[in-house]
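Coordinates from target_26.txt are shown below (compact mmCIF, C-alpha atoms).
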```
# COMPACT_ATOMS: atom_id res chain seq x y z
CA MET A 1 34.11 -51.80 71.71
CA ASN A 2 36.90 -54.33 71.61
CA ARG A 3 40.09 -54.35 73.58
CA ARG A 4 42.31 -53.32 70.64
CA ASN A 5 40.32 -50.14 70.00
CA ALA A 6 40.32 -49.30 73.70
CA LEU A 7 44.13 -49.66 73.87
CA ARG A 8 44.56 -47.63 70.68
CA ARG A 9 42.40 -44.78 72.02
CA THR A 10 44.14 -44.85 75.39
CA ALA A 11 47.54 -44.61 73.68
CA LEU A 12 46.29 -41.75 71.50
CA LEU A 13 44.96 -39.92 74.55
CA ALA A 14 48.22 -40.41 76.48
CA GLY A 15 50.27 -39.31 73.47
CA SER A 16 48.23 -36.15 73.01
CA ALA A 17 48.54 -35.34 76.72
CA VAL A 18 52.32 -35.58 76.43
CA ALA A 19 52.53 -33.69 73.11
CA THR A 20 50.17 -30.81 73.96
CA PRO A 21 52.63 -28.78 76.10
CA THR A 22 55.25 -29.10 73.37
CA LEU A 23 52.84 -27.93 70.68
CA LEU A 24 51.62 -25.05 72.83
CA SER A 25 55.17 -23.91 73.50
CA LEU A 26 55.73 -23.66 69.74
CA LEU A 27 52.73 -21.34 69.46
CA GLN A 28 53.80 -18.95 72.21
CA SER A 29 54.51 -15.30 71.45
CA CYS A 30 57.93 -13.69 71.11
CA LYS A 31 58.37 -13.88 74.88
CA GLU A 32 59.14 -17.58 74.51
CA GLN A 33 61.21 -17.42 71.33
CA LYS A 34 64.87 -18.24 71.60
CA ARG A 35 67.16 -15.57 70.17
CA VAL A 36 69.08 -18.11 68.10
CA ASP A 37 65.88 -19.36 66.48
CA TRP A 38 64.34 -15.93 65.88
CA VAL A 39 63.52 -15.22 62.26
CA PRO A 40 62.36 -11.67 61.51
CA GLN A 41 58.75 -11.37 60.35
CA PHE A 42 59.24 -8.05 58.56
CA LEU A 43 62.88 -6.94 58.42
CA ASN A 44 65.55 -8.67 56.41
CA GLN A 45 68.46 -10.24 58.31
CA ASP A 46 70.77 -7.20 58.00
CA GLN A 47 68.03 -4.84 59.16
CA ALA A 48 67.22 -7.13 62.10
CA VAL A 49 70.90 -7.13 63.09
CA PHE A 50 70.87 -3.33 62.91
CA LEU A 51 67.76 -3.14 65.08
CA ALA A 52 69.20 -5.52 67.69
CA SER A 53 72.44 -3.51 67.83
CA PHE A 54 70.55 -0.20 68.01
CA VAL A 55 68.30 -1.21 70.91
CA ASP A 56 71.18 -2.90 72.73
CA THR A 57 73.25 0.29 72.46
CA ILE A 58 70.42 2.46 73.80
CA LEU A 59 69.30 0.02 76.51
CA PRO A 60 72.23 -2.27 77.38
CA ARG A 61 72.14 -4.85 80.14
CA THR A 62 73.34 -3.44 83.47
CA GLU A 63 72.03 -4.49 86.87
CA THR A 64 68.67 -4.48 85.07
CA PRO A 65 67.81 -6.43 81.93
CA GLY A 66 68.71 -4.86 78.61
CA ALA A 67 66.54 -4.41 75.53
CA LEU A 68 67.69 -7.72 74.06
CA ASP A 69 66.87 -9.53 77.32
CA VAL A 70 63.23 -8.49 77.05
CA LYS A 71 63.25 -8.97 73.25
CA VAL A 72 62.53 -5.39 72.26
CA ASP A 73 63.90 -6.04 68.77
CA ILE A 74 61.52 -8.96 68.21
CA PHE A 75 58.59 -6.90 69.44
CA MET A 76 59.47 -3.99 67.15
CA ASP A 77 59.81 -6.31 64.15
CA LEU A 78 56.36 -7.76 64.87
CA MET A 79 54.94 -4.28 65.35
CA TYR A 80 56.26 -3.21 61.95
CA ALA A 81 54.88 -6.39 60.36
CA LYS A 82 51.42 -6.33 61.93
CA ALA A 83 50.56 -2.69 62.70
CA TYR A 84 52.18 -0.63 59.95
CA ASP A 85 50.63 -0.13 56.52
CA GLN A 86 52.67 -0.72 53.37
CA SER A 87 53.92 2.85 52.96
CA ALA A 88 55.03 3.01 56.61
CA GLN A 89 56.77 -0.36 56.23
CA GLU A 90 58.64 0.84 53.15
CA TYR A 91 59.62 4.00 55.05
CA VAL A 92 61.05 1.96 57.96
CA LYS A 93 63.11 -0.27 55.70
CA ALA A 94 64.41 2.67 53.65
CA GLU A 95 65.33 4.65 56.77
CA ILE A 96 67.17 1.72 58.36
CA ASP A 97 69.15 1.29 55.14
CA LYS A 98 69.81 5.05 55.01
CA PHE A 99 71.00 5.05 58.66
CA ASN A 100 73.38 2.16 57.91
CA ALA A 101 74.63 3.88 54.73
CA ALA A 102 75.41 7.06 56.68
CA CYS A 103 77.39 5.01 59.22
CA LYS A 104 79.27 3.29 56.41
CA ASP A 105 80.11 6.64 54.77
CA GLU A 106 81.36 8.21 57.98
CA TYR A 107 82.88 5.22 59.81
CA GLY A 108 83.47 2.64 57.08
CA SER A 109 81.03 0.07 58.45
CA VAL A 110 77.34 -0.48 59.15
CA PHE A 111 76.04 0.41 62.63
CA ALA A 112 76.11 -3.13 64.03
CA ASP A 113 79.80 -3.56 63.14
CA LEU A 114 80.98 -0.29 64.72
CA SER A 115 82.89 -0.15 67.99
CA GLU A 116 80.93 0.86 71.09
CA GLU A 117 82.59 4.30 71.00
CA ASP A 118 81.59 4.84 67.37
CA LYS A 119 78.02 3.66 68.04
CA THR A 120 77.78 6.12 70.92
CA ALA A 121 79.15 8.91 68.70
CA VAL A 122 76.58 8.12 65.98
CA LEU A 123 73.72 8.19 68.47
CA LYS A 124 74.94 11.40 70.14
CA LYS A 125 75.15 13.09 66.74
CA ALA A 126 71.63 11.90 65.81
CA GLU A 127 70.35 13.03 69.21
CA ALA A 128 71.77 16.52 68.71
CA GLU A 129 70.64 16.93 65.09
CA THR A 130 67.07 15.65 65.19
CA ALA A 131 63.92 17.41 66.35
CA LYS A 132 62.40 16.12 69.57
CA PHE A 133 58.78 15.26 70.23
CA ASN A 134 56.94 18.19 71.78
CA PRO A 135 55.89 17.75 75.38
CA GLY A 136 52.36 16.46 75.65
CA VAL A 137 49.35 16.78 77.88
CA TRP A 138 47.17 13.66 78.02
CA GLY A 139 48.62 12.37 74.78
CA THR A 140 48.26 15.61 72.83
CA ALA A 141 51.40 17.47 71.74
CA VAL A 142 51.74 21.01 73.02
CA GLY A 143 52.51 23.45 70.22
CA GLU A 144 53.21 22.72 66.59
CA GLN A 145 55.22 19.52 66.15
CA LYS A 146 58.20 19.78 63.82
CA PRO A 147 58.84 16.71 61.66
CA VAL A 148 60.54 14.06 63.76
CA ALA A 149 63.42 12.14 62.19
CA PHE A 150 63.48 8.35 61.95
CA TYR A 151 66.14 8.09 64.67
CA ARG A 152 63.80 9.73 67.18
CA GLN A 153 60.87 7.50 66.11
CA LEU A 154 63.00 4.37 66.44
CA LYS A 155 64.31 5.39 69.86
CA SER A 156 60.81 6.25 71.06
CA MET A 157 59.43 2.87 70.02
CA ALA A 158 62.38 1.05 71.62
CA LEU A 159 61.82 2.85 74.93
CA TRP A 160 58.08 2.21 74.80
CA ALA A 161 58.61 -1.49 74.03
CA TYR A 162 61.16 -1.82 76.84
CA PHE A 163 59.07 -0.14 79.53
CA SER A 164 55.92 -1.97 78.36
CA SER A 165 57.52 -5.41 78.66
CA GLU A 166 56.27 -7.71 81.40
CA GLU A 167 59.75 -8.24 82.85
CA VAL A 168 60.41 -4.52 83.30
CA GLY A 169 56.85 -3.70 84.34
CA LYS A 170 56.70 -6.28 87.10
CA ASN A 171 60.29 -6.60 88.30
CA ILE A 172 61.88 -3.17 87.82
CA LEU A 173 59.11 -0.60 87.92
CA SER A 174 56.68 -0.55 90.82
CA TYR A 175 53.63 -2.59 89.95
CA ASP A 176 50.28 -2.83 91.68
CA PRO A 177 47.76 -4.89 89.67
CA ILE A 178 44.92 -3.78 91.94
CA PRO A 179 45.61 -0.21 93.04
CA GLY A 180 44.21 0.99 96.32
CA GLU A 181 42.87 4.36 97.28
CA TYR A 182 43.71 7.55 95.43
CA LEU A 183 46.04 9.86 97.35
CA GLY A 184 46.37 12.99 95.27
CA CYS A 185 48.52 15.08 97.57
CA ILE A 186 51.44 13.18 99.06
CA PRO A 187 55.12 14.07 99.36
CA LEU A 188 57.20 13.05 96.34
CA SER A 189 59.50 11.04 98.62
CA ASP A 190 56.56 8.74 99.44
CA VAL A 191 56.03 7.90 95.76
CA GLY A 192 59.24 5.86 95.51
CA ASN A 193 60.11 4.07 92.29
CA THR A 194 58.61 4.82 88.85
CA TRP A 195 55.30 3.01 88.43
CA SER A 196 54.31 0.58 85.72
CA LEU A 197 50.95 0.87 83.98
```
Mind converting the file's structure to structure tokens?
Amino acid sequence: MNRRNALRRTALLAGSAVATPTLLSLLQSCKEQKRVDWVPQFLNQDQAVFLASFVDTILPRTETPGALDVKVDIFMDLMYAKAYDQSAQEYVKAEIDKFNAACKDEYGSVFADLSEEDKTAVLKKAEAETAKFNPGVWGTAVGEQKPVAFYRQLKSMALWAYFSSEEVGKNILSYDPIPGEYLGCIPLSDVGNTWSL
């Protein structure tokens, strides 16, 4: 091997060592995506704006992170894109458009453009008018489940995505990656905070 080839290979090795972290950061999941750079995988831009406004209204930032801080909207978009079949995807898009159309009919604007008071009024009305999920035992609904409206499905997924996020699971809920002994009968006051899975 001559000196030129050795220098060329050394430069290539050094360059790849410097470039690798940059390339890996581009391949990270939605946790690393910047909100400004986020492009929806499934929803169109208007539907993505609706979803961001919806989850931010339900789970705003307070002393704890809000839904947008833990990127619930990005997660939900990816869930729709990757886990839903075509008929379910069409249903989601149609229902988002229907929800926005109802807001426009009643308030003169789509959900994302409403004032905070109007958004709250829309959600309170939907909360009062839609059937709730039946209580469940070990994941099985108790009793016959009435059809659940899209609002309730959307809210349920937003809550699940929020409480399943790493930020909330580790920093807000109690988290023990290696649980200790099982204590089945302790006072409720000893339990403390809600626990993460």
For range 126-134 of chain A, please output as a PyMOL selection string all residues within 10 Å (counting all atoms listed in the file; exclusion window: fewer than 6 positions along the same chain). chain A and resi 99+120+140-153+155-156
Could you write out the selected residues, including C-alpha atoms, as an mmCIF file, in the coordinates of the input?
```cif
data_model
loop_
_atom_site.group_PDB
_atom_site.id
_atom_site.type_symbol
_atom_site.label_atom_id
_atom_site.label_comp_id
_atom_site.auth_asym_id
_atom_site.auth_seq_id
_atom_site.Cartn_x
_atom_site.Cartn_y
_atom_site.Cartn_z
ATOM 1 C CA PHE A 99 71.000 5.050 58.660
ATOM 2 C CA THR A 120 77.780 6.120 70.920
ATOM 3 C CA THR A 140 48.260 15.610 72.830
ATOM 4 C CA ALA A 141 51.400 17.470 71.740
ATOM 5 C CA VAL A 142 51.740 21.010 73.020
ATOM 6 C CA GLY A 143 52.510 23.450 70.220
ATOM 7 C CA GLU A 144 53.210 22.720 66.590
ATOM 8 C CA GLN A 145 55.220 19.520 66.150
ATOM 9 C CA LYS A 146 58.200 19.780 63.820
ATOM 10 C CA PRO A 147 58.840 16.710 61.660
ATOM 11 C CA VAL A 148 60.540 14.060 63.760
ATOM 12 C CA ALA A 149 63.420 12.140 62.190
ATOM 13 C CA PHE A 150 63.480 8.350 61.950
ATOM 14 C CA TYR A 151 66.140 8.090 64.670
ATOM 15 C CA ARG A 152 63.800 9.730 67.180
ATOM 16 C CA GLN A 153 60.870 7.500 66.110
ATOM 17 C CA LYS A 155 64.310 5.390 69.860
ATOM 18 C CA SER A 156 60.810 6.250 71.060
#
```
Selected residue, from A:Asp176, A:Asp73, A:Asp85, A:Glu95, that lies nearest to Thr57 in chain A when counting only C-alpha atoms: A:Asp73
Build an axis-aligned box that encloses every atom of range 121-140 of chain A listed in the file, pad it by 3 Å on each side, and report its centre and edge lengths in Å to one decimal, as JSON.
```
{"center_x": 63.2, "center_y": 13.2, "center_z": 71.6, "size_x": 38.0, "size_y": 16.1, "size_z": 18.9}
```
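Our summary of the geometry notes that CA of Trp38 in chain A is positioned 7.9 Å from CA of Ile74 in chain A.
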Who sits within 12 Å of Ile172 in chain A, all atoms listed in the file, same chain under 4 positions skipped, as an NGL selection string: :A and (63-66 or 162-168 or 193-196)
What does the distance from CA of Asp118 in chain A to CA of Phe54 in chain A come to in Å, to one decimal? 12.2 Å
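Coordinates place CA of Asp77 in chain A at a distance of 16.6 Å from CA of Ala112 in chain A.
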Can you work out which one of A:Phe50, A:Leu154, A:Asp69, A:Tyr175 has the shortest atom-to-atom distance to Leu114 in chain A, counting only C-alpha atoms? A:Phe50
Rank A:Val110, A:Val72, A:Ala121, A:Gln47 by their smallest atom-to-atom distance to Ala94 in chain A, using all atoms listed in the file, and report the top residue only. A:Gln47
What's the 12 Å shell around Ala102 in chain A, counting all atoms listed in the file, without same-chain residues fewer than 5 positions away, as an NGL selection string? :A and (95-97 or 107-111 or 122-123 or 125-126)
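Excluding Asp113 in chain A itself and same-chain residues fewer than 6 positions from it, the residues having an atom within 10 Å of it are A:Val49, A:Phe50, A:Ser53, A:Cys103, A:Lys104, A:Tyr107, A:Lys119, counting only C-alpha atoms.
Closest to Lys124 in chain A among A:Val191, A:Ile58, A:Ala158, A:Ala52 is A:Ile58, based on all atoms listed in the file.
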